[in-house]
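Raw contents of model.txt, compact mmCIF, C-alpha atoms and all ligand atoms:
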# COMPACT_ATOMS: atom_id res chain seq x y z
CA MET A 1 175.68 86.83 112.52
CA ARG A 2 178.88 88.91 112.76
CA VAL A 3 178.87 92.53 113.87
CA ARG A 4 181.62 95.13 113.93
CA ALA A 5 181.30 97.24 117.09
CA PRO A 6 183.38 100.41 117.34
CA ALA A 7 185.45 101.85 120.17
CA SER A 8 184.26 105.14 121.62
CA THR A 9 185.53 108.03 123.64
CA ALA A 10 183.31 109.23 126.49
CA ASN A 11 183.04 112.56 128.31
CA LEU A 12 185.06 114.64 125.76
CA GLY A 13 185.96 116.81 128.74
CA PRO A 14 182.84 118.42 130.22
CA GLY A 15 180.26 115.73 129.36
CA PHE A 16 180.96 113.28 132.18
CA ASP A 17 178.64 110.27 131.81
CA CYS A 18 176.63 112.04 129.05
CA PHE A 19 178.80 112.60 125.93
CA GLY A 20 180.22 109.90 123.68
CA LEU A 21 181.79 109.72 120.23
CA ALA A 22 182.21 106.56 118.12
CA LEU A 23 185.66 105.97 116.62
CA GLU A 24 186.33 104.48 113.20
CA ASP A 25 189.12 102.36 114.77
CA PRO A 26 189.70 100.17 116.76
CA PHE A 27 186.69 97.83 116.99
CA ASP A 28 185.54 94.45 118.32
CA VAL A 29 183.88 91.78 116.21
CA VAL A 30 180.99 89.99 117.92
CA GLU A 31 179.56 86.81 116.42
CA VAL A 32 176.42 85.07 117.66
CA GLU A 33 175.20 81.60 116.80
CA ARG A 34 172.03 79.86 118.00
CA SER A 35 172.82 77.13 120.52
CA SER A 36 171.18 74.99 123.21
CA GLU A 37 172.70 77.08 126.03
CA LEU A 38 174.21 80.51 126.64
CA THR A 39 178.00 80.49 126.34
CA VAL A 40 180.58 83.25 125.83
CA GLU A 41 184.04 83.03 124.32
CA VAL A 42 186.54 85.92 124.16
CA SER A 43 189.71 86.09 122.06
CA GLY A 44 192.29 88.70 121.04
CA PRO A 45 194.41 91.23 122.95
CA GLY A 46 193.48 91.46 126.64
CA ALA A 47 191.04 88.52 126.42
CA GLU A 48 192.66 86.82 129.41
CA SER A 49 191.42 89.60 131.71
CA ILE A 50 187.79 89.33 130.57
CA PRO A 51 185.42 86.95 132.36
CA THR A 52 183.49 84.50 130.17
CA ARG A 53 180.81 83.58 132.72
CA PRO A 54 177.70 85.00 131.01
CA GLU A 55 176.57 86.83 134.16
CA ALA A 56 179.93 88.62 134.45
CA ASN A 57 180.51 89.35 130.77
CA THR A 58 179.01 92.46 129.15
CA ALA A 59 177.93 90.54 126.02
CA GLY A 60 176.68 87.64 128.17
CA VAL A 61 174.46 89.93 130.23
CA VAL A 62 173.05 91.46 127.04
CA ALA A 63 172.25 87.97 125.69
CA THR A 64 170.52 86.99 128.95
CA GLU A 65 168.43 90.16 129.00
CA MET A 66 167.46 90.00 125.32
CA LEU A 67 166.78 86.29 124.96
CA ARG A 68 165.33 85.40 128.38
CA GLY A 69 166.37 81.72 128.42
CA GLU A 70 166.99 81.04 124.74
CA GLY A 71 170.48 79.66 124.01
CA VAL A 72 173.19 81.40 122.00
CA HIS A 73 176.95 81.17 121.64
CA VAL A 74 178.55 84.62 121.72
CA SER A 75 182.07 84.93 120.43
CA VAL A 76 183.89 88.24 121.02
CA GLU A 77 187.07 89.00 119.09
CA LYS A 78 188.68 91.90 120.93
CA GLY A 79 190.27 94.67 118.91
CA ILE A 80 189.90 97.24 121.71
CA ARG A 81 192.20 96.82 124.70
CA PRO A 82 190.29 96.48 127.99
CA SER A 83 190.73 99.21 130.64
CA SER A 84 192.16 101.63 128.10
CA GLY A 85 189.44 104.30 128.18
CA LEU A 86 188.19 103.46 124.69
CA GLY A 87 184.90 101.81 125.58
CA SER A 88 186.10 98.23 125.23
CA SER A 89 183.45 96.51 127.35
CA ALA A 90 180.76 98.80 125.92
CA ALA A 91 181.68 97.82 122.34
CA SER A 92 181.28 94.13 123.17
CA ALA A 93 177.89 94.85 124.75
CA ALA A 94 176.80 96.98 121.78
CA GLY A 95 177.97 94.36 119.27
CA ALA A 96 176.09 91.61 121.11
CA ALA A 97 172.89 93.67 121.24
CA VAL A 98 172.95 94.43 117.50
CA ALA A 99 173.96 90.86 116.52
CA ILE A 100 171.27 89.20 118.67
CA ASN A 101 168.62 91.62 117.44
CA GLU A 102 169.45 90.69 113.82
CA GLU A 103 169.95 86.94 114.33
CA PHE A 104 166.71 86.45 116.27
CA GLY A 105 164.70 89.04 114.31
CA LEU A 106 163.70 90.86 117.52
CA GLY A 107 162.97 94.17 115.81
CA HIS A 108 164.26 96.44 118.58
CA SER A 109 165.00 100.06 117.72
CA ARG A 110 168.55 101.39 118.08
CA GLU A 111 167.43 103.30 121.23
CA GLU A 112 166.19 100.05 122.77
CA LEU A 113 169.48 98.37 121.88
CA VAL A 114 171.35 101.14 123.71
CA ALA A 115 169.30 100.30 126.84
CA PHE A 116 170.10 96.56 126.55
CA ALA A 117 173.78 97.27 125.94
CA ALA A 118 173.85 99.63 128.93
CA ARG A 119 172.66 96.84 131.20
CA GLY A 120 175.50 94.68 129.91
CA GLU A 121 178.02 97.48 130.37
CA ALA A 122 176.88 97.92 133.98
CA ALA A 123 178.05 94.35 134.67
CA SER A 124 181.60 95.39 133.86
CA ALA A 125 181.75 99.02 134.93
CA GLY A 126 179.80 98.51 138.17
CA ALA A 127 177.60 101.52 137.48
CA PRO A 128 175.13 102.05 134.62
CA HIS A 129 176.41 104.91 132.46
CA PRO A 130 175.47 104.50 128.79
CA ASP A 131 177.87 107.15 127.45
CA ASN A 132 180.04 104.54 125.70
CA VAL A 133 177.34 102.11 124.57
CA ALA A 134 175.27 104.89 122.95
CA PRO A 135 177.92 105.85 120.34
CA SER A 136 178.95 102.20 119.89
CA VAL A 137 175.36 101.35 118.93
CA MET A 138 174.29 104.58 117.17
CA GLY A 139 177.56 105.99 115.77
CA GLY A 140 178.66 109.62 115.67
CA PHE A 141 178.32 111.92 118.67
CA THR A 142 175.73 111.08 121.30
CA VAL A 143 174.25 112.73 124.37
CA VAL A 144 172.43 110.51 126.86
CA ARG A 145 170.19 111.42 129.76
CA ASP A 146 167.68 109.24 131.61
CA GLY A 147 167.24 106.83 128.71
CA GLU A 148 166.96 109.57 126.07
CA VAL A 149 169.66 109.40 123.39
CA VAL A 150 170.38 112.31 121.05
CA CYS A 151 172.63 111.59 118.12
CA LEU A 152 174.49 114.21 116.06
CA GLU A 153 176.75 113.79 113.08
CA PRO A 154 180.14 115.22 114.08
CA PRO A 155 182.12 117.58 111.85
CA GLU A 156 184.91 116.19 109.71
CA MET A 157 187.96 115.97 111.93
CA ASP A 158 190.84 113.73 112.92
CA LEU A 159 190.97 112.13 116.34
CA ALA A 160 194.52 111.68 117.60
CA VAL A 161 194.66 109.10 120.37
CA ALA A 162 197.50 108.24 122.74
CA LEU A 163 197.11 104.83 124.33
CA PRO A 164 199.62 104.55 127.19
CA ASP A 165 200.88 101.23 128.42
CA LEU A 166 198.99 101.63 131.69
CA GLU A 167 195.82 100.01 132.93
CA LEU A 168 193.25 102.09 134.76
CA SER A 169 189.97 100.45 135.62
CA THR A 170 186.81 102.53 135.40
CA GLU A 171 186.10 101.56 139.00
CA GLU A 172 189.44 102.97 140.20
CA SER A 173 189.07 106.08 138.08
CA ARG A 174 185.58 106.73 139.51
CA SER A 175 186.66 106.07 143.09
CA VAL A 176 188.64 109.34 143.25
CA LEU A 177 185.75 111.57 142.16
CA PRO A 178 184.25 114.12 144.57
CA ASP A 179 180.67 113.87 145.85
CA SER A 180 180.06 117.58 145.40
CA VAL A 181 181.54 120.35 143.26
CA ALA A 182 181.90 124.11 143.42
CA LEU A 183 179.16 126.14 141.71
CA GLY A 184 181.71 128.13 139.68
CA ASP A 185 183.22 124.91 138.29
CA ALA A 186 179.77 123.57 137.44
CA VAL A 187 178.97 126.80 135.58
CA GLU A 188 182.21 126.51 133.62
CA ASN A 189 181.32 122.94 132.65
CA VAL A 190 177.83 123.90 131.49
CA ALA A 191 179.37 126.60 129.29
CA SER A 192 181.99 124.23 127.84
CA ALA A 193 179.49 121.42 127.27
CA SER A 194 177.11 123.81 125.52
CA LEU A 195 179.88 125.08 123.28
CA LEU A 196 180.87 121.52 122.42
CA VAL A 197 177.33 120.48 121.47
CA ALA A 198 176.83 123.69 119.50
CA GLY A 199 180.07 122.91 117.63
CA MET A 200 178.88 119.40 116.83
CA ALA A 201 175.53 120.71 115.58
CA ALA A 202 177.14 123.48 113.52
CA GLY A 203 179.83 121.22 112.04
CA ASP A 204 182.51 123.42 113.61
CA ALA A 205 185.44 121.29 114.86
CA SER A 206 187.24 124.29 116.31
CA MET A 207 184.22 125.12 118.51
CA VAL A 208 184.02 121.47 119.60
CA GLY A 209 187.69 121.71 120.62
CA ARG A 210 187.15 124.91 122.59
CA GLY A 211 184.35 123.16 124.46
CA MET A 212 186.58 120.32 125.66
CA ARG A 213 187.41 121.93 129.01
CA ASP A 214 186.46 120.08 132.15
CA ALA A 215 186.69 121.75 135.55
CA LEU A 216 185.06 118.90 137.51
CA VAL A 217 186.46 115.46 136.78
CA GLU A 218 189.65 115.77 134.77
CA PRO A 219 191.62 117.82 137.32
CA VAL A 220 191.14 114.99 139.83
CA ARG A 221 191.76 112.14 137.40
CA ALA A 222 194.87 113.77 135.92
CA GLU A 223 196.74 112.54 139.01
CA LEU A 224 196.07 108.93 137.97
CA VAL A 225 197.76 109.29 134.56
CA PRO A 226 201.48 110.07 134.80
CA GLY A 227 202.39 112.91 132.46
CA TYR A 228 198.78 113.77 131.53
CA ARG A 229 199.20 117.54 131.78
CA ALA A 230 202.36 117.49 129.63
CA VAL A 231 200.65 115.22 127.10
CA ARG A 232 197.73 117.64 126.89
CA GLU A 233 200.05 120.62 126.37
CA ALA A 234 202.05 118.67 123.76
CA ALA A 235 198.91 117.94 121.74
CA LEU A 236 197.75 121.56 121.89
CA GLY A 237 201.27 122.68 120.89
CA ALA A 238 201.05 120.34 117.89
CA GLY A 239 197.85 121.99 116.69
CA ALA A 240 195.10 120.05 118.48
CA LEU A 241 191.80 121.96 118.73
CA GLY A 242 190.91 120.33 122.05
CA VAL A 243 192.20 117.55 124.29
CA ALA A 244 190.64 115.37 126.98
CA LEU A 245 191.15 112.18 128.92
CA SER A 246 189.28 109.54 126.95
CA GLY A 247 186.50 108.27 129.22
CA ALA A 248 187.92 107.08 132.51
CA GLY A 249 191.45 107.13 130.99
CA PRO A 250 194.29 106.38 130.68
CA SER A 251 193.99 107.11 126.92
CA VAL A 252 194.02 110.71 125.80
CA VAL A 253 192.03 111.98 122.80
CA ALA A 254 192.77 115.14 120.81
CA ILE A 255 190.47 116.66 118.20
CA CYS A 256 192.47 117.96 115.25
CA GLU A 257 192.13 119.11 111.67
CA VAL A 258 195.00 116.74 110.86
CA GLY A 259 196.02 114.48 113.73
CA ASP A 260 199.47 113.02 112.94
CA ALA A 261 201.55 115.70 114.68
CA ALA A 262 199.41 115.60 117.84
CA ALA A 263 199.59 111.78 117.98
CA SER A 264 203.42 111.86 117.78
CA ALA A 265 203.68 114.74 120.25
CA MET A 266 201.53 112.89 122.80
CA GLU A 267 203.60 109.71 122.36
CA CYS A 268 206.81 111.68 123.02
CA ALA A 269 205.37 113.50 126.04
CA PHE A 270 204.31 110.20 127.61
CA ALA A 271 207.79 108.77 126.89
CA GLU A 272 209.38 111.77 128.66
CA HIS A 273 207.38 110.72 131.73
CA GLY A 274 208.59 107.13 131.47
CA VAL A 275 205.37 105.79 129.96
CA ALA A 276 205.39 103.88 126.68
CA ALA A 277 202.40 104.89 124.57
CA GLU A 278 201.01 104.16 121.13
CA GLY A 279 199.77 107.18 119.22
CA PHE A 280 197.36 106.73 116.35
CA VAL A 281 194.95 108.75 114.27
CA THR A 282 191.37 107.82 113.54
CA GLU A 283 188.13 109.70 112.87
CA PRO A 284 184.53 109.68 114.07
CA GLY A 285 182.87 106.40 113.11
CA ASN A 286 179.55 104.64 112.54
CA GLY A 287 177.65 102.55 115.05
CA ALA A 288 177.75 98.75 115.25
CA GLU A 289 177.11 97.22 111.84
CA VAL A 290 176.50 93.75 110.47
CA LEU A 291 179.43 92.30 108.53
CA GLU A 292 178.53 90.53 105.31
N1 LIG B 1 181.80 108.31 131.83
C1 LIG B 1 182.56 107.19 132.29
C2 LIG B 1 183.63 107.68 133.23
C3 LIG B 1 183.18 106.51 131.10
O1 LIG B 1 184.27 108.69 132.91
O2 LIG B 1 183.82 107.09 134.29
C4 LIG B 1 183.95 105.29 131.47
O3 LIG B 1 183.25 104.14 131.24

Starting from the file, lay out its structure as structure tokens.
Amino acid sequence: MRVRAPASTANLGPGFDCFGLALEDPFDVVEVERSSELTVEVSGPGAESIPTRPEANTAGVVATEMLRGEGVHVSVEKGIRPSSGLGSSAASAAGAAVAINEEFGLGHSREELVAFAARGEAASAGAPHPDNVAPSVMGGFTVVRDGEVVCLEPPEMDLAVALPDLELSTEESRSVLPDSVALGDAVENVASASLLVAGMAAGDASMVGRGMRDALVEPVRAELVPGYRAVREAALGAGALGVALSGAGPSVVAICEVGDAAASAMECAFAEHGVAAEGFVTEPGNGAEVLE
């Protein structure tokens, strides 16, 4: 059973640990095969940094939780670079959950698969936050809270992404976050998050973009990504409707009507700060799907 599991961008600015959006590209391919024991194999870019011990691997943890002792060989072909802010470990967990569900005929709902994938993702991220696994399993735009997953079809739009040649682990990126925030900043985030969700529901990409302002997390994390503020300005100057750090970073995502100019502008702005980056354009994508 082979499954294509998409990358995702979490937070989208104000939705820290709640908002996620599936991307059409890049993606992992997860293959599962019945076996006498549980084994995990990882190949592709960045594979050397990913543990293959089942208890330390996101897909391995998912297999353990779903199969409770039954054997399976899980093979993960990475297309999403680890520690890039594009939901790499979450995609592997989501792909494993969907593949195992199909191969073993377990009959779990997509919501239940999000919960299994979230337990796998916790093995890698250190903290359970299902904002990347939800879109990787369900597709589109998702809001998660306390096990509830709401899924909305996003408007038609381009997503320009700048993937800098920097590694930033989720753990490091979370370690700088404050324990408490100012009420005024929290109010601003509620307003932005509400605008963003309203834009998703109304199919209004411009409103989504206007909602991508984060007063709580991004100002602190910006210090971890050299050139972030200039990259953000460059994307907006090139017509982006909204810009945010993608998940825990270091990637940056810009919502655009047409994304090519913003992708190039972000690449150049990173280069001006001495950081090589790859800019590319994709669009909102579907959830994990079985490959024929
Ligand atoms: N919401 C998470 C964060 C996404 O920003 O830390 C990263 O996995």

Determine, for each residue of chain A having at least one atom at most 9 Å from an atom of ligand LIG 1 (chain B), the closest pair of atoms and their separation in Å to one decimal, counting all atoms listed in the file; order by chain and ascending number, as a Markdown table.
| residue | atom | partner | partner_atom | distance |
| --- | --- | --- | --- | --- |
| A:Thr9 | CA | B:LIG1 | C3 | 8.0 |
| A:Ala10 | CA | B:LIG1 | C3 | 5.4 |
| A:Asn11 | CA | B:LIG1 | N1 | 5.7 |
| A:Gly15 | CA | B:LIG1 | N1 | 8.0 |
| A:Phe16 | CA | B:LIG1 | N1 | 5.1 |
| A:Asp17 | CA | B:LIG1 | N1 | 3.7 |
| A:Cys18 | CA | B:LIG1 | N1 | 7.0 |
| A:Phe19 | CA | B:LIG1 | N1 | 7.9 |
| A:Gly20 | CA | B:LIG1 | N1 | 8.5 |
| A:Ser83 | CA | B:LIG1 | O3 | 9.0 |
| A:Gly85 | CA | B:LIG1 | C4 | 6.5 |
| A:Leu86 | CA | B:LIG1 | C4 | 8.2 |
| A:Gly87 | CA | B:LIG1 | O3 | 6.3 |
| A:Ser88 | CA | B:LIG1 | O3 | 8.9 |
| A:Ser89 | CA | B:LIG1 | O3 | 8.6 |
| A:Ala90 | CA | B:LIG1 | O3 | 7.9 |
| A:Glu121 | CA | B:LIG1 | O3 | 8.5 |
| A:Ala125 | CA | B:LIG1 | O3 | 6.5 |
| A:Ala127 | CA | B:LIG1 | O3 | 8.8 |
| A:His129 | CA | B:LIG1 | N1 | 6.4 |
| A:Pro130 | CA | B:LIG1 | N1 | 8.0 |
| A:Asp131 | CA | B:LIG1 | N1 | 6.0 |
| A:Asn132 | CA | B:LIG1 | O3 | 6.4 |
| A:Ser169 | CA | B:LIG1 | C4 | 8.8 |
| A:Thr170 | CA | B:LIG1 | O2 | 5.6 |
| A:Glu171 | CA | B:LIG1 | O2 | 7.6 |
| A:Ser173 | CA | B:LIG1 | O2 | 6.6 |
| A:Arg174 | CA | B:LIG1 | O2 | 5.5 |
| A:Val217 | CA | B:LIG1 | O1 | 8.1 |
| A:Leu245 | CA | B:LIG1 | O1 | 8.7 |
| A:Ser246 | CA | B:LIG1 | O1 | 7.8 |
| A:Gly247 | CA | B:LIG1 | C3 | 4.2 |
| A:Ala248 | CA | B:LIG1 | O1 | 4.0 |
| A:Gly249 | CA | B:LIG1 | O1 | 7.6 |

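Residue nearest Glu111 (chain A), chosen from A:Pro155, A:Met266, A:Ala186, A:Gly287 and counting only C-alpha atoms: A:Gly287.
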
Once you count all atoms listed in the file, which residues end up no further than 12 Å from (185.9, 87.6, 122.8) in the file's frame, shown as a ChimeraX atom specification?
/A:27-32,39-54,57-60,73-82,88-89,91-93,95-96

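Among A:Val197, A:Gly139, A:Val61, A:Pro219, the residue with the shortest atom-to-atom distance to Ala117 (chain A), counting all atoms listed in the file, is A:Val61.
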
Closest of A:Val3, A:Ala235, A:Ala261, A:Ala22 to Gly285 (chain A), counting only C-alpha atoms, is A:Ala22

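Rounded to one decimal, CA of Phe141 (chain A) and CA of Pro154 (chain A) lie 5.9 Å from each other.
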
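Atom pair CA of Pro26 (chain A) / CA of Ala99 (chain A): separated by 18.3 Å.
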
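Relative to CA of Glu283 (chain A), CA of Asn189 (chain A) is found at 24.8 Å.
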
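Of the residues under consideration (A:Ser136, A:Asn101, A:Ser8, A:Ser35), A:Ser136 shows the shortest atom-to-atom contact distance to Val114 (chain A) when counting all atoms listed in the file.
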
Pick out the residues sitting within 7 Å of Thr142 (chain A), and hand them over as a list in words; count only C-alpha atoms, and ignore anything fewer than 5 positions along from it in its own chain.
Phe19, Gly20, Leu21, Ala134, Pro135, Val149, Val150, Cys151 and Leu152 of chain A

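Of the residues listed (A:Cys268, A:Ala262, A:Val253, A:Met157), A:Met157 shows the shortest atom-to-atom separation from Ala205 (chain A); distances use all atoms listed in the file.
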
Size and centre in Å, one decimal, axis-aligned box, all listed region 37-55 of chain A atoms plus 5 Å per side, as JSON:
{"center_x": 183.6, "center_y": 84.3, "center_z": 127.6, "size_x": 31.7, "size_y": 24.4, "size_z": 23.1}

Name the closest residue to Leu183 (chain A) among the candidates A:Val143, A:Leu12, A:Leu216, A:Val133; distances are taken between atoms, counting all atoms listed in the file.
A:Leu216

List as a VMD selection string the protein and nucleic acid residues near Ala269 (chain A), meaning an atom at most 9 Å away when only C-alpha atoms are counted, but skip any in the same chain fewer than 2 places from it.
chain A and resid 227 to 228 230 to 235 264 to 267 271 to 275

Since we have the selection now, will you write its residues out, keeping C-alpha atoms, as an mmCIF file, keeping the file's coordinate frame?
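Final output, saved to selection_29.cif:
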data_model
loop_
_atom_site.group_PDB
_atom_site.id
_atom_site.type_symbol
_atom_site.label_atom_id
_atom_site.label_comp_id
_atom_site.auth_asym_id
_atom_site.auth_seq_id
_atom_site.Cartn_x
_atom_site.Cartn_y
_atom_site.Cartn_z
ATOM 1 C CA GLY A 227 202.390 112.910 132.460
ATOM 2 C CA TYR A 228 198.780 113.770 131.530
ATOM 3 C CA ALA A 230 202.360 117.490 129.630
ATOM 4 C CA VAL A 231 200.650 115.220 127.100
ATOM 5 C CA ARG A 232 197.730 117.640 126.890
ATOM 6 C CA GLU A 233 200.050 120.620 126.370
ATOM 7 C CA ALA A 234 202.050 118.670 123.760
ATOM 8 C CA ALA A 235 198.910 117.940 121.740
ATOM 9 C CA SER A 264 203.420 111.860 117.780
ATOM 10 C CA ALA A 265 203.680 114.740 120.250
ATOM 11 C CA MET A 266 201.530 112.890 122.800
ATOM 12 C CA GLU A 267 203.600 109.710 122.360
ATOM 13 C CA ALA A 271 207.790 108.770 126.890
ATOM 14 C CA GLU A 272 209.380 111.770 128.660
ATOM 15 C CA HIS A 273 207.380 110.720 131.730
ATOM 16 C CA GLY A 274 208.590 107.130 131.470
ATOM 17 C CA VAL A 275 205.370 105.790 129.960
#

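Neighbours of Ser109 (chain A) closer than or equal to 12 Å, with all atoms listed in the file counted and sequence neighbours fewer than 3 positions away skipped, come out as Ala97, Val98, Asn101, Glu102, Gly105, Leu106, Glu112, Leu113, Val114, Ala115, Phe116, Val137, Met138 and Val149 of chain A.
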
When you look at Gly279 (chain A) with a cut-off of 6 Å (counting only C-alpha atoms), what residues show up, excluding the ones that are within fewer than 6 positions of it in the same chain? I need them as a PyMOL selection string.
chain A and resi 161-162+263+267

Incomplete region 225-241 of chain A filled out to N, CA and C atoms as a PDB file, in the frame of the given file:
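Result went into part_21.pdb, see below:
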ATOM      1  N   VAL A 225     197.093 109.562 135.850  1.00  0.00           N
ATOM      2  CA  VAL A 225     197.760 109.290 134.560  1.00  0.00           C
ATOM      3  C   VAL A 225     199.069 110.057 134.516  1.00  0.00           C
ATOM      4  N   PRO A 226     200.203 109.373 134.757  1.00  0.00           N
ATOM      5  CA  PRO A 226     201.480 110.070 134.800  1.00  0.00           C
ATOM      6  C   PRO A 226     201.735 110.839 133.503  1.00  0.00           C
ATOM      7  N   GLY A 227     202.047 112.103 133.627  1.00  0.00           N
ATOM      8  CA  GLY A 227     202.390 112.910 132.460  1.00  0.00           C
ATOM      9  C   GLY A 227     201.193 113.521 131.760  1.00  0.00           C
ATOM     10  N   TYR A 228     199.963 113.316 132.283  1.00  0.00           N
ATOM     11  CA  TYR A 228     198.780 113.770 131.530  1.00  0.00           C
ATOM     12  C   TYR A 228     198.846 115.246 131.130  1.00  0.00           C
ATOM     13  N   ARG A 229     199.236 116.097 132.100  1.00  0.00           N
ATOM     14  CA  ARG A 229     199.200 117.540 131.780  1.00  0.00           C
ATOM     15  C   ARG A 229     200.184 117.878 130.659  1.00  0.00           C
ATOM     16  N   ALA A 230     201.361 117.248 130.695  1.00  0.00           N
ATOM     17  CA  ALA A 230     202.360 117.490 129.630  1.00  0.00           C
ATOM     18  C   ALA A 230     201.860 116.953 128.291  1.00  0.00           C
ATOM     19  N   VAL A 231     201.174 115.826 128.345  1.00  0.00           N
ATOM     20  CA  VAL A 231     200.650 115.220 127.100  1.00  0.00           C
ATOM     21  C   VAL A 231     199.603 116.154 126.493  1.00  0.00           C
ATOM     22  N   ARG A 232     198.776 116.704 127.346  1.00  0.00           N
ATOM     23  CA  ARG A 232     197.730 117.640 126.890  1.00  0.00           C
ATOM     24  C   ARG A 232     198.375 118.854 126.224  1.00  0.00           C
ATOM     25  N   GLU A 233     199.360 119.442 126.917  1.00  0.00           N
ATOM     26  CA  GLU A 233     200.050 120.620 126.370  1.00  0.00           C
ATOM     27  C   GLU A 233     200.731 120.287 125.054  1.00  0.00           C
ATOM     28  N   ALA A 234     201.329 119.082 124.983  1.00  0.00           N
ATOM     29  CA  ALA A 234     202.050 118.670 123.760  1.00  0.00           C
ATOM     30  C   ALA A 234     201.071 118.599 122.584  1.00  0.00           C
ATOM     31  N   ALA A 235     199.893 118.049 122.828  1.00  0.00           N
ATOM     32  CA  ALA A 235     198.910 117.940 121.740  1.00  0.00           C
ATOM     33  C   ALA A 235     198.463 119.321 121.284  1.00  0.00           C
ATOM     34  N   LEU A 236     198.188 120.199 122.252  1.00  0.00           N
ATOM     35  CA  LEU A 236     197.750 121.560 121.890  1.00  0.00           C
ATOM     36  C   LEU A 236     198.871 122.277 121.128  1.00  0.00           C
ATOM     37  N   GLY A 237     200.123 122.077 121.573  1.00  0.00           N
ATOM     38  CA  GLY A 237     201.270 122.680 120.890  1.00  0.00           C
ATOM     39  C   GLY A 237     201.438 122.161 119.473  1.00  0.00           C
ATOM     40  N   ALA A 238     200.930 120.939 119.226  1.00  0.00           N
ATOM     41  CA  ALA A 238     201.050 120.340 117.890  1.00  0.00           C
ATOM     42  C   ALA A 238     199.796 120.622 117.054  1.00  0.00           C
ATOM     43  N   GLY A 239     198.974 121.550 117.525  1.00  0.00           N
ATOM     44  CA  GLY A 239     197.850 121.990 116.690  1.00  0.00           C
ATOM     45  C   GLY A 239     196.499 121.410 117.042  1.00  0.00           C
ATOM     46  N   ALA A 240     196.409 120.613 118.134  1.00  0.00           N
ATOM     47  CA  ALA A 240     195.100 120.050 118.480  1.00  0.00           C
ATOM     48  C   ALA A 240     194.119 121.174 118.814  1.00  0.00           C
ATOM     49  N   LEU A 241     192.849 120.964 118.462  1.00  0.00           N
ATOM     50  CA  LEU A 241     191.800 121.960 118.730  1.00  0.00           C
ATOM     51  C   LEU A 241     191.248 121.810 120.138  1.00  0.00           C
TER      52      LEU A 241
END
